[in-house]
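**Student:** Next up is a structure, given as structure tokens.
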Amino acid sequence: DGEEYANLTTKAAQKARDEARTRGKVPILAETERDALALAAVLRERLAEFDIELSGRSEAAVFWREKAKDGTLVSCRGRLDHWREDIATIYDLKIVRSGHLKACQSHLVGYGGDIQAAAYVSAMSSVYPDLAGRLRFVFLFCEAETGTVTPVCRGASMRDLGARRWKRAVNTWSRCLRTNH
């Protein structure tokens, strides 16, 4: 959007960064942008090998309400990495060091991917009731170094665990709101 800088060590570069942020922009160094665009092109090719096309809405904001066990409606919000309404699929991209299946599974459990998937499937079921029961959530583990892509869909036990953990989170949040603690 303006000058290109190799780094942010000069006052001019820092000023340009701050001005960009003031205008609601996300400043990025030219070299970093080139690397990111190159990786994106490779990832698009790799995704195509799995017949995955990110042709829906990226960074899709969603707002919905969940019913806690005490009957309270809890307001929720999220931002889906990518939403394809035409095939009822939520894609969540994870840039990782290793796309090996065991590493992906460990990542999901360690970082709450089961809860995230349960929450977003619940969200889209709420917003699109006609798609309830047909929604898919696919994690796309992408290695930045190699461009390798590992798509991962949750099995039944992971879906059940995520749903229970999400429901517990909703109930906890409802209690926090009710008790103001």
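Ordering of the structure tokens sets the chain letters (A, B, ...), residue numbers begin anew at 1 in every chain, and ligands are numbered from 1 in the order given.
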Please identify the alpha helix (DSSP H) residues within chain A (assignment by DSSP from backbone atoms) and present them as a ChimeraX atom specification.

**Tutor:** /A:11-22,30-49,101-110,113-127,156-179

**Student:** Pick out each residue of segment 28-111 of chain A that DSSP on the backbone tags as strand (DSSP E or B); I need them as a PyMOL selection string.

**Tutor:** chain A and resi 57-67+73-84+89-96

**Student:** Where does segment 119-168 of chain A meet segment 43-53 of chain A within 10 Å, residue by residue, with the nearest atom pair and distance in Å to one decimal for each, counting only C-alpha atoms, listed by chain and rising number, as JSON lines?

**Tutor:**
```
{"residue": "A:Leu140", "atom": "CA", "partner": "A:Leu47", "partner_atom": "CA", "distance": 8.7}
{"residue": "A:Cys142", "atom": "CA", "partner": "A:Leu43", "partner_atom": "CA", "distance": 7.4}
{"residue": "A:Glu143", "atom": "CA", "partner": "A:Leu43", "partner_atom": "CA", "distance": 9.0}
{"residue": "A:Ala144", "atom": "CA", "partner": "A:Leu43", "partner_atom": "CA", "distance": 9.0}
{"residue": "A:Thr146", "atom": "CA", "partner": "A:Leu43", "partner_atom": "CA", "distance": 9.5}
{"residue": "A:Gly147", "atom": "CA", "partner": "A:Leu43", "partner_atom": "CA", "distance": 5.8}
{"residue": "A:Thr148", "atom": "CA", "partner": "A:Arg46", "partner_atom": "CA", "distance": 6.9}
{"residue": "A:Val149", "atom": "CA", "partner": "A:Arg46", "partner_atom": "CA", "distance": 6.3}
{"residue": "A:Thr150", "atom": "CA", "partner": "A:Leu47", "partner_atom": "CA", "distance": 9.0}
{"residue": "A:Pro151", "atom": "CA", "partner": "A:Phe50", "partner_atom": "CA", "distance": 8.2}
```

**Student:** Counting only C-alpha atoms, give me one row per residue of segment 42-155 of chain A with an atom at most 7 Å from an atom of segment 168-179 of chain A, showing the shortest contact pair and its distance in Å to one decimal, sorted by chain then residue number, as CSV.

**Tutor:**
```
residue,atom,partner,partner_atom,distance
A:Ala68,CA,A:Asn171,CA,5.0
A:Lys69,CA,A:Asn171,CA,6.4
A:Thr72,CA,A:Ser174,CA,6.6
A:Val74,CA,A:Ser174,CA,6.3
```

**Student:** If I take atom CA of Val127 of chain A and atom CA of Cys153 of chain A, how far is one from the other in Å, to one decimal?

**Tutor:**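 Interatomic distance, atom CA of Val127 of chain A to atom CA of Cys153 of chain A: 21.7 Å.
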
**Student:** Using only C-alpha atoms, which residues sit within 6 Å of Asp81 of chain A once same-chain residues fewer than 6 positions away are excluded, as a PDB file with C-alpha atoms, in the first residue's frame?

**Tutor:**
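Written file, around-v4.pdb:
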```pdb
ATOM      1  CA  SER A  58     -12.809 -16.890   4.591  1.00  0.00           C
ATOM      2  CA  GLU A  59     -12.686 -15.426   8.086  1.00  0.00           C
ATOM      3  CA  ASP A  92      -9.846 -24.829   9.696  1.00  0.00           C
TER       4      ASP A  92
END
```

**Student:** Show which residues sit within 10 Å of Gly113 of chain A, as a count of residues only. Count only C-alpha atoms, and ignore same-chain residues fewer than 6 positions away.

**Tutor:** 9

**Student:** Would you list the contacts of Ala103 of chain A as a VMD selection string, taking every protein, DNA or RNA residue within 12 Å and counting only C-alpha atoms, but skipping same-chain residues closer than 4 positions in sequence?

**Tutor:** chain A and resid 94 96 to 99 107 to 111 141 to 143 150 152

**Student:** Could those residues be written to a file, using C-alpha atoms, as a JSON list (two decimals), in the first residue's frame?

**Tutor:**
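Saved the output as selection32.json:
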```
[["chain", "number", "residue", "atom", "x", "y", "z"],
["A", 94, "LYS", "CA", -3.43, -24.95, 11.00],
["A", 96, "VAL", "CA", 2.32, -26.57, 11.73],
["A", 97, "ARG", "CA", 5.85, -27.92, 11.76],
["A", 98, "SER", "CA", 4.73, -31.50, 11.20],
["A", 99, "GLY", "CA", 1.73, -32.70, 9.24],
["A", 107, "HIS", "CA", -2.19, -30.90, 18.26],
["A", 108, "LEU", "CA", -5.99, -31.27, 18.23],
["A", 109, "VAL", "CA", -6.17, -32.57, 21.78],
["A", 110, "GLY", "CA", -3.48, -30.25, 23.15],
["A", 111, "TYR", "CA", -4.96, -27.08, 21.69],
["A", 141, "PHE", "CA", -2.75, -29.18, 8.77],
["A", 142, "CYS", "CA", -0.30, -27.36, 6.50],
["A", 143, "GLU", "CA", 3.47, -27.59, 6.84],
["A", 150, "THR", "CA", -2.89, -33.31, 5.95],
["A", 152, "VAL", "CA", -8.12, -34.47, 9.33]]
```

**Student:** Pick out the closest residue to Phe137 of chain A from this set: A:Lys15, A:His82, A:His100, A:Arg165. Count only C-alpha atoms.

**Tutor:**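 Looking only at the distances to Phe137 of chain A, the closest residue turns out to be A:His82.
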
**Student:** Using only C-alpha atoms, can you tell me which of A:Gln116, A:Leu101, A:Arg77, A:Val138 comes closest to Leu54 of chain A?

**Tutor:**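 When distances to Leu54 of chain A are compared using only C-alpha atoms, the smallest one comes from A:Val138.
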
**Student:** Taking 3 positions as the minimum chain separation for residues in the same chain, which residues sit within 6 Å of Ala60 of chain A when counting only C-alpha atoms? Answer as a list in words.

**Tutor:**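 The neighbour list is Arg57, Arg79 and Leu80 of chain A.
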
**Student:** For the residues in the current selection, export C-alpha atoms as an mmCIF file, in the first residue's frame.

**Tutor:**
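What follows is the written file out_27.cif:
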```cif
data_model
loop_
_atom_site.group_PDB
_atom_site.id
_atom_site.type_symbol
_atom_site.label_atom_id
_atom_site.label_comp_id
_atom_site.auth_asym_id
_atom_site.auth_seq_id
_atom_site.Cartn_x
_atom_site.Cartn_y
_atom_site.Cartn_z
ATOM 1 C CA ARG A 57 -16.066 -17.334 2.709
ATOM 2 C CA ARG A 79 -14.558 -16.691 13.252
ATOM 3 C CA LEU A 80 -14.357 -19.642 10.894
#
```
